[in-house]
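This is model32.tsv (TSV, C-alpha atoms and all ligand atoms).
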chain	number	residue	atom	x	y	z
A	659	MET	CA	-30.91	13.90	-74.47
A	660	MET	CA	-31.76	10.30	-73.64
A	661	ARG	CA	-31.20	7.72	-76.33
A	662	PRO	CA	-33.98	5.21	-77.00
A	663	MET	CA	-33.57	1.89	-75.20
A	664	LYS	CA	-33.82	-1.40	-77.09
A	665	LEU	CA	-34.07	-4.50	-74.92
A	666	GLY	CA	-33.26	-7.35	-77.28
A	667	GLY	CA	-34.89	-8.22	-80.59
A	668	SER	CA	-38.46	-9.41	-80.94
A	669	GLU	CA	-38.12	-12.52	-78.75
A	670	LEU	CA	-35.92	-13.18	-75.74
A	671	LEU	CA	-35.86	-16.62	-74.13
A	672	PHE	CA	-33.80	-17.70	-71.14
A	673	GLY	CA	-33.68	-20.74	-68.89
A	674	GLN	CA	-33.47	-24.50	-69.11
A	675	GLY	CA	-35.28	-26.07	-72.03
A	676	THR	CA	-35.71	-22.87	-74.04
A	677	LEU	CA	-33.97	-24.39	-77.06
A	678	SER	CA	-37.37	-25.95	-77.80
A	679	HIS	CA	-38.48	-22.45	-78.84
A	680	LEU	CA	-36.74	-23.23	-82.15
A	681	GLU	CA	-39.83	-25.27	-83.06
A	682	THR	CA	-41.97	-22.12	-83.14
A	683	ILE	CA	-39.80	-20.22	-85.60
A	684	LYS	CA	-41.52	-19.37	-88.88
A	685	ALA	CA	-38.86	-20.42	-91.40
A	686	LYS	CA	-38.11	-23.04	-94.04
A	687	LYS	CA	-34.34	-23.02	-94.46
A	688	ALA	CA	-31.69	-22.34	-91.84
A	689	VAL	CA	-27.96	-21.81	-92.01
A	690	ILE	CA	-26.42	-22.72	-88.68
A	691	VAL	CA	-23.18	-20.85	-87.95
A	692	LEU	CA	-20.65	-22.64	-85.73
A	693	ALA	CA	-17.12	-21.63	-84.81
A	694	ASN	CA	-15.93	-25.25	-84.58
A	695	ASP	CA	-17.18	-28.74	-83.75
A	696	VAL	CA	-17.43	-28.21	-79.97
A	697	MET	CA	-21.24	-27.86	-80.09
A	698	ILE	CA	-21.44	-31.04	-82.16
A	699	LYS	CA	-19.22	-33.03	-79.81
A	700	ASN	CA	-21.00	-31.88	-76.63
A	701	GLY	CA	-24.41	-32.89	-77.95
A	702	VAL	CA	-25.95	-29.40	-78.17
A	703	MET	CA	-26.24	-29.57	-81.95
A	704	ALA	CA	-28.15	-32.85	-81.71
A	705	ILE	CA	-30.80	-31.08	-79.58
A	706	ILE	CA	-30.95	-28.15	-82.00
A	707	GLU	CA	-31.16	-30.39	-85.07
A	708	ASN	CA	-33.96	-32.36	-83.47
A	709	HIS	CA	-36.01	-29.21	-82.84
A	710	LEU	CA	-35.44	-28.00	-86.41
A	711	LYS	CA	-36.52	-31.37	-87.80
A	712	ASN	CA	-39.69	-31.26	-85.67
A	713	ALA	CA	-40.40	-27.82	-87.13
A	714	ASN	CA	-39.73	-28.99	-90.69
A	715	ILE	CA	-36.92	-26.49	-91.09
A	716	SER	CA	-34.17	-27.80	-93.36
A	717	PHE	CA	-30.66	-26.67	-92.50
A	718	SER	CA	-27.07	-26.50	-93.59
A	719	ILE	CA	-24.08	-25.88	-91.31
A	720	PHE	CA	-21.35	-23.30	-91.88
A	721	MET	CA	-18.42	-24.13	-89.60
A	722	GLY	CA	-14.96	-22.59	-89.15
A	723	ILE	CA	-14.61	-19.21	-87.46
A	724	GLU	CA	-11.39	-18.00	-85.86
A	725	SER	CA	-11.45	-16.40	-82.41
A	726	ASP	CA	-11.11	-12.87	-83.79
A	727	PRO	CA	-13.26	-13.27	-86.89
A	728	GLY	CA	-11.85	-11.71	-90.04
A	729	LEU	CA	-13.55	-10.29	-93.10
A	730	ALA	CA	-12.45	-13.23	-95.29
A	731	THR	CA	-14.30	-15.69	-93.05
A	732	VAL	CA	-17.33	-13.41	-92.98
A	733	LYS	CA	-17.37	-13.22	-96.80
A	734	ARG	CA	-17.02	-17.01	-97.01
A	735	GLY	CA	-20.04	-17.41	-94.73
A	736	ALA	CA	-22.03	-14.82	-96.68
A	737	ASN	CA	-21.29	-16.63	-99.97
A	738	PHE	CA	-22.36	-19.90	-98.36
A	739	MET	CA	-25.65	-18.20	-97.48
A	740	ILE	CA	-26.05	-16.72	-100.96
A	741	GLN	CA	-25.80	-20.30	-102.31
A	742	TYR	CA	-28.20	-21.81	-99.76
A	743	GLN	CA	-30.65	-18.87	-99.45
A	744	PRO	CA	-31.71	-19.34	-95.81
A	745	ASP	CA	-34.68	-17.46	-94.35
A	746	VAL	CA	-33.21	-17.87	-90.88
A	747	ILE	CA	-29.60	-17.72	-89.67
A	748	ILE	CA	-28.89	-19.48	-86.39
A	749	ALA	CA	-25.59	-18.67	-84.65
A	750	VAL	CA	-24.57	-21.10	-81.93
A	751	GLY	CA	-21.46	-20.23	-79.98
A	752	GLY	CA	-19.51	-17.53	-78.20
A	753	GLY	CA	-18.95	-13.94	-79.21
A	754	SER	CA	-16.89	-14.78	-82.29
A	755	ALA	CA	-19.52	-17.08	-83.83
A	756	MET	CA	-22.35	-14.64	-83.08
A	757	ASP	CA	-20.42	-11.57	-84.27
A	758	ALA	CA	-19.37	-13.35	-87.46
A	759	ALA	CA	-22.96	-14.51	-88.09
A	760	LYS	CA	-24.24	-10.94	-87.71
A	761	ALA	CA	-21.66	-9.74	-90.24
A	762	MET	CA	-22.40	-12.63	-92.64
A	763	TRP	CA	-26.08	-11.65	-92.40
A	764	ILE	CA	-25.25	-8.09	-93.51
A	765	PHE	CA	-23.18	-9.23	-96.52
A	766	TYR	CA	-25.69	-11.97	-97.43
A	767	GLU	CA	-28.52	-9.46	-97.56
A	768	ASN	CA	-26.42	-6.72	-99.15
A	769	PRO	CA	-23.95	-8.30	-101.60
A	770	ASP	CA	-23.20	-4.84	-103.01
A	771	ILE	CA	-21.38	-3.91	-99.79
A	772	ASN	CA	-17.74	-4.98	-99.88
A	773	ASP	CA	-15.94	-3.44	-96.96
A	774	LEU	CA	-16.28	-2.85	-93.24
A	775	GLU	CA	-15.80	0.90	-93.48
A	776	THR	CA	-19.24	1.37	-95.05
A	777	LEU	CA	-20.73	-0.21	-91.94
A	778	MET	CA	-18.98	2.33	-89.69
A	779	ASP	CA	-21.08	5.07	-91.30
A	780	LYS	CA	-24.51	5.22	-89.60
A	781	GLU	CA	-26.03	6.82	-92.70
A	782	LYS	CA	-24.83	4.00	-94.95
A	783	PHE	CA	-25.68	1.10	-92.64
A	784	PRO	CA	-28.17	-1.09	-94.56
A	785	LYS	CA	-31.60	-2.28	-93.46
A	786	LEU	CA	-31.58	-5.99	-92.57
A	787	ARG	CA	-34.29	-8.71	-92.50
A	788	LYS	CA	-34.95	-8.54	-96.24
A	789	LYS	CA	-34.04	-12.21	-96.64
A	790	ALA	CA	-33.60	-13.73	-93.20
A	791	GLN	CA	-34.04	-13.30	-89.49
A	792	LEU	CA	-31.20	-13.91	-87.05
A	793	VAL	CA	-31.35	-16.25	-84.06
A	794	CYS	CA	-28.47	-16.26	-81.56
A	795	ILE	CA	-27.86	-19.09	-79.12
A	796	PRO	CA	-24.93	-18.15	-76.85
A	797	SER	CA	-22.64	-20.90	-75.56
A	798	THR	CA	-20.72	-18.67	-73.14
A	799	ALA	CA	-22.02	-16.45	-70.35
A	800	GLY	CA	-20.05	-13.39	-71.36
A	801	THR	CA	-20.23	-11.29	-74.50
A	802	ALA	CA	-24.05	-11.07	-74.69
A	803	SER	CA	-23.77	-10.65	-78.45
A	804	GLU	CA	-27.21	-12.34	-78.52
A	805	VAL	CA	-28.80	-9.08	-77.35
A	806	SER	CA	-26.19	-6.56	-78.43
A	807	ARG	CA	-26.01	-4.13	-81.31
A	808	SER	CA	-22.27	-4.62	-81.79
A	809	ILE	CA	-19.72	-6.78	-83.55
A	810	VAL	CA	-15.93	-6.83	-83.74
A	811	ILE	CA	-14.57	-7.92	-87.13
A	812	SER	CA	-10.95	-7.65	-88.30
A	813	ASP	CA	-9.83	-6.60	-91.73
A	814	ASP	CA	-7.45	-9.47	-92.59
A	815	LYS	CA	-5.41	-7.29	-94.95
A	816	THR	CA	-4.77	-4.30	-92.68
A	817	GLY	CA	-5.13	-6.06	-89.33
A	818	ILE	CA	-7.47	-3.27	-88.19
A	819	LYS	CA	-10.23	-4.39	-85.83
A	820	TYR	CA	-13.56	-2.75	-86.55
A	821	GLY	CA	-15.95	-2.36	-83.62
A	822	ILE	CA	-19.27	-1.73	-85.34
A	823	GLY	CA	-22.45	-0.86	-83.46
A	824	ASN	CA	-25.94	-0.46	-84.87
A	825	MET	CA	-29.32	-1.36	-83.36
A	826	GLU	CA	-30.21	-2.95	-86.71
A	827	MET	CA	-27.88	-5.82	-85.69
A	828	VAL	CA	-29.71	-6.76	-82.48
A	829	PRO	CA	-30.64	-10.41	-83.20
A	830	ASP	CA	-34.36	-11.07	-83.71
A	831	ILE	CA	-34.42	-14.00	-81.34
A	832	ALA	CA	-32.05	-14.78	-78.47
A	833	ILE	CA	-32.25	-18.19	-76.83
A	834	CYS	CA	-30.17	-18.50	-73.64
A	835	ASP	CA	-30.44	-22.14	-72.67
A	836	PRO	CA	-27.81	-23.10	-70.05
A	837	ILE	CA	-27.39	-26.57	-71.55
A	838	THR	CA	-25.12	-24.92	-74.15
A	839	THR	CA	-22.62	-23.81	-71.43
A	840	ILE	CA	-22.55	-26.93	-69.27
A	841	SER	CA	-19.28	-28.29	-70.64
A	842	LEU	CA	-17.45	-24.96	-70.85
A	843	PRO	CA	-13.91	-25.31	-69.38
A	844	LYS	CA	-13.08	-23.52	-66.11
A	845	SER	CA	-10.73	-20.91	-67.55
A	846	ILE	CA	-13.18	-19.83	-70.28
A	847	THR	CA	-16.04	-19.81	-67.75
A	848	ALA	CA	-13.97	-17.54	-65.48
A	849	GLU	CA	-12.78	-15.14	-68.19
A	850	THR	CA	-16.11	-14.80	-70.00
A	851	GLY	CA	-17.89	-14.43	-66.65
A	852	MET	CA	-15.56	-11.57	-65.72
A	853	ASP	CA	-16.31	-9.96	-69.09
A	854	ALA	CA	-20.02	-10.08	-68.21
A	855	LEU	CA	-19.33	-8.59	-64.76
A	856	CYS	CA	-17.27	-5.86	-66.41
A	857	HIS	CA	-20.20	-5.06	-68.75
A	858	ALA	CA	-22.48	-4.57	-65.75
A	859	LEU	CA	-19.93	-2.60	-63.69
A	860	GLU	CA	-19.10	-0.28	-66.58
A	861	ALA	CA	-22.76	0.20	-67.57
A	862	ILE	CA	-23.79	1.17	-64.04
A	863	VAL	CA	-21.31	4.09	-63.97
A	864	SER	CA	-21.60	5.01	-67.66
A	865	THR	CA	-22.32	8.67	-68.32
A	866	ARG	CA	-25.41	7.42	-70.20
A	867	ALA	CA	-26.67	5.17	-67.37
A	868	ASN	CA	-30.38	5.49	-66.63
A	869	TYR	CA	-33.01	4.11	-64.24
A	870	LEU	CA	-33.68	1.01	-66.33
A	871	SER	CA	-30.07	0.18	-67.24
A	872	ASP	CA	-29.15	0.52	-63.54
A	873	ILE	CA	-31.78	-2.05	-62.54
A	874	LEU	CA	-30.43	-4.50	-65.12
A	875	ALA	CA	-26.76	-3.88	-64.31
A	876	GLU	CA	-27.19	-4.06	-60.54
A	877	LYS	CA	-28.98	-7.41	-60.57
A	878	ALA	CA	-26.36	-8.83	-62.93
A	879	ILE	CA	-23.49	-7.59	-60.71
A	880	TYR	CA	-24.73	-9.38	-57.57
A	881	ASP	CA	-25.71	-12.56	-59.40
A	882	ILE	CA	-22.33	-12.82	-61.13
A	883	PHE	CA	-20.36	-12.01	-57.97
A	884	ASN	CA	-22.25	-14.69	-56.07
A	885	THR	CA	-22.44	-17.37	-58.76
A	886	LEU	CA	-19.17	-17.21	-60.68
A	887	PRO	CA	-17.01	-18.82	-57.94
A	888	LYS	CA	-19.67	-21.53	-57.48
A	889	VAL	CA	-19.86	-22.39	-61.17
A	890	ILE	CA	-16.06	-22.69	-61.28
A	891	GLU	CA	-16.28	-25.23	-58.44
A	892	GLU	CA	-19.24	-27.10	-59.90
A	893	GLY	CA	-19.42	-26.56	-63.65
A	894	THR	CA	-22.12	-29.17	-64.24
A	895	ASN	CA	-24.61	-27.44	-61.93
A	896	ILE	CA	-27.26	-26.35	-64.44
A	897	GLN	CA	-28.81	-23.87	-61.98
A	898	TYR	CA	-25.50	-21.99	-61.60
A	899	ARG	CA	-25.00	-22.11	-65.37
A	900	GLU	CA	-28.48	-20.68	-65.87
A	901	THR	CA	-27.91	-17.82	-63.43
A	902	MET	CA	-24.63	-16.93	-65.14
A	903	LEU	CA	-26.06	-17.07	-68.66
A	904	THR	CA	-29.13	-15.03	-67.74
A	905	ALA	CA	-27.09	-12.47	-65.78
A	906	ALA	CA	-24.62	-12.09	-68.65
A	907	MET	CA	-27.51	-11.50	-71.06
A	908	VAL	CA	-29.08	-8.96	-68.69
A	909	ALA	CA	-25.73	-7.14	-68.37
A	910	GLY	CA	-25.72	-7.11	-72.17
A	911	LEU	CA	-29.12	-5.43	-72.29
A	912	ALA	CA	-27.70	-2.72	-70.03
A	913	PHE	CA	-24.39	-2.09	-71.80
A	914	THR	CA	-25.63	-2.28	-75.36
A	915	ASN	CA	-27.88	0.69	-74.54
A	916	VAL	CA	-25.65	2.83	-72.32
A	917	SER	CA	-22.18	1.67	-73.45
A	918	LEU	CA	-19.11	0.88	-71.40
A	919	GLY	CA	-15.93	2.53	-70.09
A	920	ILE	CA	-12.15	2.48	-70.22
A	921	THR	CA	-11.71	-1.08	-68.91
A	922	HIS	CA	-13.10	-2.12	-72.27
A	923	SER	CA	-11.15	0.55	-74.17
A	924	ILE	CA	-7.83	-0.72	-72.79
A	925	ALA	CA	-8.91	-4.38	-73.10
A	926	HIS	CA	-9.71	-3.80	-76.78
A	927	GLY	CA	-6.18	-2.44	-77.22
A	928	LEU	CA	-4.63	-5.36	-75.33
A	929	GLY	CA	-6.57	-7.72	-77.58
A	930	SER	CA	-5.54	-5.94	-80.73
A	931	ILE	CA	-1.87	-5.31	-79.93
A	932	PHE	CA	-1.01	-8.24	-77.64
A	933	LYS	CA	-3.74	-10.78	-78.58
A	934	MET	CA	-4.79	-10.97	-74.94
A	935	PRO	CA	-8.18	-12.70	-74.49
A	936	HIS	CA	-10.94	-10.12	-73.97
A	937	GLY	CA	-12.39	-11.41	-70.70
A	938	LEU	CA	-8.96	-11.92	-69.15
A	939	ALA	CA	-7.86	-8.38	-70.03
A	940	ASN	CA	-11.05	-6.92	-68.54
A	941	ALA	CA	-10.70	-9.01	-65.38
A	942	ILE	CA	-7.12	-7.89	-64.72
A	943	LEU	CA	-7.81	-4.22	-65.50
A	944	LEU	CA	-11.09	-3.82	-63.64
A	945	PRO	CA	-9.78	-3.23	-60.07
A	946	TYR	CA	-7.37	-0.54	-61.35
A	947	ILE	CA	-10.09	1.25	-63.31
A	948	VAL	CA	-12.43	1.12	-60.31
A	949	ASP	CA	-9.74	2.86	-58.24
A	950	PHE	CA	-9.20	5.47	-60.96
A	951	ASN	CA	-12.93	6.13	-61.45
A	952	SER	CA	-13.38	6.46	-57.68
A	953	GLN	CA	-11.90	9.96	-57.95
A	954	ASN	CA	-15.34	10.91	-59.24
A	955	GLU	CA	-17.55	11.26	-56.13
A	956	PRO	CA	-20.90	10.03	-57.55
A	957	THR	CA	-19.11	7.02	-59.07
A	958	LYS	CA	-17.36	6.29	-55.78
A	959	LYS	CA	-20.76	6.27	-54.03
A	960	ILE	CA	-22.12	3.70	-56.50
A	961	TYR	CA	-19.02	1.52	-56.07
A	962	ASN	CA	-19.12	1.78	-52.26
A	963	ASN	CA	-22.77	0.85	-52.20
A	964	ILE	CA	-22.05	-2.29	-54.24
A	965	ALA	CA	-18.99	-3.14	-52.11
A	966	GLN	CA	-21.01	-2.83	-48.91
A	967	LYS	CA	-23.68	-5.22	-50.18
A	968	LEU	CA	-20.91	-7.68	-51.03
A	969	GLY	CA	-19.42	-7.35	-47.53
A	970	TYR	CA	-16.39	-5.29	-48.55
A	971	ASN	CA	-15.06	-1.81	-47.80
A	972	THR	CA	-14.01	-1.20	-51.39
A	973	LEU	CA	-15.11	-2.62	-54.72
A	974	SER	CA	-11.54	-3.01	-55.96
A	975	LYS	CA	-10.75	-5.33	-53.02
A	976	ALA	CA	-13.87	-7.38	-53.80
A	977	LEU	CA	-12.70	-7.69	-57.42
A	978	ILE	CA	-9.14	-8.65	-56.42
A	979	ASP	CA	-10.52	-11.39	-54.17
A	980	LEU	CA	-12.84	-12.60	-56.94
A	981	ASN	CA	-9.98	-12.73	-59.47
A	982	THR	CA	-7.80	-14.62	-56.95
A	983	ASN	CA	-10.65	-17.03	-56.34
A	984	LEU	CA	-11.01	-17.65	-60.07
A	985	GLY	CA	-7.28	-18.15	-60.68
A	986	ILE	CA	-7.01	-14.95	-62.70
A	987	PRO	CA	-3.68	-13.07	-62.38
A	988	LEU	CA	-3.67	-9.66	-60.69
A	989	ALA	CA	-1.18	-7.99	-63.05
A	990	LEU	CA	-0.73	-7.86	-66.81
A	991	LYS	CA	2.94	-8.86	-66.46
A	992	ASP	CA	1.88	-12.35	-65.42
A	993	ARG	CA	0.55	-12.90	-68.94
A	994	LEU	CA	2.83	-10.52	-70.84
A	995	PRO	CA	6.22	-11.16	-69.20
A	996	ASN	CA	8.30	-9.39	-71.86
A	997	LYS	CA	8.47	-5.93	-70.23
A	998	HIS	CA	10.67	-4.46	-72.93
A	999	ASP	CA	8.13	-5.46	-75.59
A	1000	PHE	CA	5.23	-4.14	-73.50
A	1001	ASP	CA	6.97	-0.82	-72.85
A	1002	SER	CA	7.74	-0.39	-76.54
A	1003	LYS	CA	4.03	-0.64	-77.38
A	1004	ILE	CA	2.56	1.26	-74.46
A	1005	GLU	CA	2.04	4.51	-76.42
A	1006	ASP	CA	0.17	2.58	-79.12
A	1007	LEU	CA	-2.00	1.08	-76.41
A	1008	ILE	CA	-2.72	4.51	-74.90
A	1009	ASN	CA	-3.67	5.95	-78.30
A	1010	TYR	CA	-5.85	2.94	-79.02
A	1011	ALA	CA	-7.69	3.29	-75.72
A	1012	LEU	CA	-8.12	7.05	-76.04
A	1013	THR	CA	-9.93	6.78	-79.36
A	1014	ASP	CA	-11.94	3.65	-78.50
A	1015	GLY	CA	-15.72	4.16	-78.60
A	1016	CYS	CA	-16.14	3.09	-74.96
A	1017	THR	CA	-13.92	5.88	-73.60
A	1018	LYS	CA	-16.45	8.64	-74.05
A	1019	THR	CA	-18.94	7.12	-71.59
A	1020	ASN	CA	-16.39	6.49	-68.81
A	1021	PRO	CA	-17.30	8.53	-65.71
A	1022	ILE	CA	-13.96	10.37	-65.98
A	1023	PHE	CA	-12.70	11.17	-69.47
A	1024	PRO	CA	-9.03	10.18	-69.19
A	1025	THR	CA	-5.99	12.07	-70.41
A	1026	LYS	CA	-3.04	10.29	-72.00
A	1027	SER	CA	-1.18	10.60	-68.75
A	1028	HIS	CA	-4.10	9.06	-66.79
A	1029	LEU	CA	-4.12	6.09	-69.16
A	1030	ARG	CA	-0.34	5.75	-68.98
A	1031	SER	CA	-0.35	5.52	-65.20
A	1032	ILE	CA	-3.35	3.12	-65.10
A	1033	ILE	CA	-1.71	0.83	-67.67
A	1034	LYS	CA	1.68	0.91	-65.91
A	1035	MET	CA	0.07	0.10	-62.59
A	1036	ALA	CA	-2.01	-2.73	-64.09
A	1037	TYR	CA	1.16	-4.09	-65.70
A	1038	ALA	CA	3.29	-4.09	-62.56
A	1039	GLY	CA	0.52	-5.02	-60.12
A	1040	LYS	CA	-0.73	-3.39	-56.96
A	1041	GLU	CA	1.29	-3.17	-53.78
B	1	FE	FE	-16.79	-7.22	-73.19
Starting from the coordinates I provided, produce the structure as structure tokens.
Ligand SMILES: [Fe+2]
Amino acid sequence: MMRPMKLGGSELLFGQGTLSHLETIKAKKAVIVLANDVMIKNGVMAIIENHLKNANISFSIFMGIESDPGLATVKRGANFMIQYQPDVIIAVGGGSAMDAAKAMWIFYENPDINDLETLMDKEKFPKLRKKAQLVCIPSTAGTASEVSRSIVISDDKTGIKYGIGNMEMVPDIAICDPITTISLPKSITAETGMDALCHALEAIVSTRANYLSDILAEKAIYDIFNTLPKVIEEGTNIQYRETMLTAAMVAGLAFTNVSLGITHSIAHGLGSIFKMPHGLANAILLPYIVDFNSQNEPTKKIYNNIAQKLGYNTLSKALIDLNTNLGIPLALKDRLPNKHDFDSKIEDLINYALTDGCTKTNPIFPTKSHLRSIIKMAYAGKE
């Protein structure tokens, strides 16, 4: 049976100048959540602060979020909010800042909840928006946390990463203004952009894909393929930045509804076990997964159709050329050179991927031996 689609929260803004929408928000007190001072140094915060002042919204800044946000940071942020009592939370940043802000929002509104496990249980997941609404302003064209129902938060004590998904967490307002991404370094632009492409390419072959998610994913695929190399060449081109940010958000609308596949399952494992950046892991894995999934005829047809429109015979070749163009390595060994260490953890990686939530919507449900051979091939590189 089809699951209901949710396309963002109540308001979705994208394009140059949309930060001014902050002036229309009905709120009195805001907590702004920042990972670090990058958004202050690049001038984005000055624009945001100006809009909030014009709207008579007072604000306080919570800053300091690690790249894989942990529960301790989330609790610190929630306590900060309990002190300040905001009626709006504004997250400005990449996936970590937005994910952490979503989690802080939960603990701020529900101080009786103490752990992440409660949030894994759909029945126990609390209602939000009792105290505040959530605004997300992404500063990378990648994770699409601004329109997604999911967060990844680590338990600092056990080291376990919790991927939690619930439509309750879709931010109320998403503002995708490309000015926030204009100073993003090349390598982060490339890796986060490949994450966005991976969202679209996994959504379009998901076992839950539907008419609407396909429209969203397909448009995002072509726009990212065409624009990502250009934005790497000319990072200050606001038009390219806008296309990337909008396409990444649109890919997010698709995947948050129909889920992903085993590129993400393995990438989550590589992130957890080897601390490999998420977008980089997806980028390296993607051509290998496309080859594996091509054993499924309907999936192969979808891939071939995309490849043809891109001027290629196969999608995996198009992806290899794109990675090469972006300076992304073609094999995991280039980033994880200690083969002995990798081999000793490969079974953990397989088990991680097998039980990951994204595996069940992959067009082929993999066996352990499938995953082993995909991972080994992605490690060594293609002939
Ligand atoms: Fe992702």
Proximity of chain A to ligand FE 1 (chain B): per-residue shortest pair, 12 Å limit, all atoms listed in the file, as CSV:
residue,atom,partner,partner_atom,distance
A:Gly752,CA,B:FE1,FE,11.8
A:Gly753,CA,B:FE1,FE,9.3
A:Ser754,CA,B:FE1,FE,11.8
A:Ala799,CA,B:FE1,FE,11.0
A:Gly800,CA,B:FE1,FE,7.2
A:Thr801,CA,B:FE1,FE,5.5
A:Ala802,CA,B:FE1,FE,8.4
A:Ser803,CA,B:FE1,FE,9.4
A:Ser806,CA,B:FE1,FE,10.8
A:Ser808,CA,B:FE1,FE,10.5
A:Ile809,CA,B:FE1,FE,10.8
A:Val810,CA,B:FE1,FE,10.6
A:Gly821,CA,B:FE1,FE,11.5
A:Glu849,CA,B:FE1,FE,10.2
A:Thr850,CA,B:FE1,FE,8.3
A:Gly851,CA,B:FE1,FE,9.8
A:Met852,CA,B:FE1,FE,8.7
A:Asp853,CA,B:FE1,FE,5.0
A:Ala854,CA,B:FE1,FE,6.6
A:Leu855,CA,B:FE1,FE,8.9
A:Cys856,CA,B:FE1,FE,6.9
A:His857,CA,B:FE1,FE,6.0
A:Ala858,CA,B:FE1,FE,9.7
A:Leu859,CA,B:FE1,FE,11.0
A:Glu860,CA,B:FE1,FE,9.9
A:Ala861,CA,B:FE1,FE,11.1
A:Ala906,CA,B:FE1,FE,10.3
A:Met907,CA,B:FE1,FE,11.7
A:Ala909,CA,B:FE1,FE,10.2
A:Gly910,CA,B:FE1,FE,9.0
A:Phe913,CA,B:FE1,FE,9.3
A:Thr914,CA,B:FE1,FE,10.4
A:Ser917,CA,B:FE1,FE,10.4
A:Leu918,CA,B:FE1,FE,8.6
A:Gly919,CA,B:FE1,FE,10.3
A:Ile920,CA,B:FE1,FE,11.2
A:Thr921,CA,B:FE1,FE,9.0
A:His922,CA,B:FE1,FE,6.4
A:Ser923,CA,B:FE1,FE,9.7
A:Ile924,CA,B:FE1,FE,11.1
A:Ala925,CA,B:FE1,FE,8.4
A:His926,CA,B:FE1,FE,8.6
A:Gly929,CA,B:FE1,FE,11.1
A:Pro935,CA,B:FE1,FE,10.3
A:His936,CA,B:FE1,FE,6.6
A:Gly937,CA,B:FE1,FE,6.6
A:Leu938,CA,B:FE1,FE,10.0
A:Ala939,CA,B:FE1,FE,9.5
A:Asn940,CA,B:FE1,FE,7.4
A:Ala941,CA,B:FE1,FE,10.1
A:Leu944,CA,B:FE1,FE,11.6
A:Cys1016,CA,B:FE1,FE,10.5
Counting all atoms listed in the file, which residues sit no farther than 12 Å from the position (-19.4, 1.6, -55.3) in the file's frame? I'd like them as a PDB file with C-alpha atoms, keeping the file's coordinate frame.
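The resulting file, part_22.pdb, is reproduced below:
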ATOM      1  CA  LEU A 859     -19.930  -2.600 -63.690  1.00  0.00           C
ATOM      2  CA  GLU A 860     -19.100  -0.280 -66.580  1.00  0.00           C
ATOM      3  CA  ILE A 862     -23.790   1.170 -64.040  1.00  0.00           C
ATOM      4  CA  VAL A 863     -21.310   4.090 -63.970  1.00  0.00           C
ATOM      5  CA  GLU A 876     -27.190  -4.060 -60.540  1.00  0.00           C
ATOM      6  CA  ILE A 879     -23.490  -7.590 -60.710  1.00  0.00           C
ATOM      7  CA  PRO A 945      -9.780  -3.230 -60.070  1.00  0.00           C
ATOM      8  CA  VAL A 948     -12.430   1.120 -60.310  1.00  0.00           C
ATOM      9  CA  ASP A 949      -9.740   2.860 -58.240  1.00  0.00           C
ATOM     10  CA  ASN A 951     -12.930   6.130 -61.450  1.00  0.00           C
ATOM     11  CA  SER A 952     -13.380   6.460 -57.680  1.00  0.00           C
ATOM     12  CA  GLN A 953     -11.900   9.960 -57.950  1.00  0.00           C
ATOM     13  CA  ASN A 954     -15.340  10.910 -59.240  1.00  0.00           C
ATOM     14  CA  GLU A 955     -17.550  11.260 -56.130  1.00  0.00           C
ATOM     15  CA  PRO A 956     -20.900  10.030 -57.550  1.00  0.00           C
ATOM     16  CA  THR A 957     -19.110   7.020 -59.070  1.00  0.00           C
ATOM     17  CA  LYS A 958     -17.360   6.290 -55.780  1.00  0.00           C
ATOM     18  CA  LYS A 959     -20.760   6.270 -54.030  1.00  0.00           C
ATOM     19  CA  ILE A 960     -22.120   3.700 -56.500  1.00  0.00           C
ATOM     20  CA  TYR A 961     -19.020   1.520 -56.070  1.00  0.00           C
ATOM     21  CA  ASN A 962     -19.120   1.780 -52.260  1.00  0.00           C
ATOM     22  CA  ASN A 963     -22.770   0.850 -52.200  1.00  0.00           C
ATOM     23  CA  ILE A 964     -22.050  -2.290 -54.240  1.00  0.00           C
ATOM     24  CA  ALA A 965     -18.990  -3.140 -52.110  1.00  0.00           C
ATOM     25  CA  GLN A 966     -21.010  -2.830 -48.910  1.00  0.00           C
ATOM     26  CA  LYS A 967     -23.680  -5.220 -50.180  1.00  0.00           C
ATOM     27  CA  LEU A 968     -20.910  -7.680 -51.030  1.00  0.00           C
ATOM     28  CA  GLY A 969     -19.420  -7.350 -47.530  1.00  0.00           C
ATOM     29  CA  TYR A 970     -16.390  -5.290 -48.550  1.00  0.00           C
ATOM     30  CA  ASN A 971     -15.060  -1.810 -47.800  1.00  0.00           C
ATOM     31  CA  THR A 972     -14.010  -1.200 -51.390  1.00  0.00           C
ATOM     32  CA  LEU A 973     -15.110  -2.620 -54.720  1.00  0.00           C
ATOM     33  CA  SER A 974     -11.540  -3.010 -55.960  1.00  0.00           C
ATOM     34  CA  LYS A 975     -10.750  -5.330 -53.020  1.00  0.00           C
ATOM     35  CA  ALA A 976     -13.870  -7.380 -53.800  1.00  0.00           C
ATOM     36  CA  LEU A 977     -12.700  -7.690 -57.420  1.00  0.00           C
TER      37      LEU A 977
END
With distances taken over all atoms listed in the file, which residue among A:Met902, A:Ala790, A:Val689, A:Leu928 lies nearest A:Ile840? A:Met902
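Closest approach to A:Leu670 among A:Gly1039, A:Gly985, A:Pro829, A:Gly701: A:Pro829, based on all atoms listed in the file.
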Within 12 Å of (5.2, -9.0, -71.1) (coordinates as in the file), grab all the protein and nucleic acid residues, counting all atoms listed in the file, and write them out as number ranges by chain. A: 928, 931-934, 989-1004, 1034, 1036-1038
Can you pull out the residues contacting A:Pro836? Cut-off 6 Å, using all atoms listed in the file, and skip same-chain residues under 2 positions away; I want them as a PyMOL selection string. chain A and resi 674+838-839+899-900
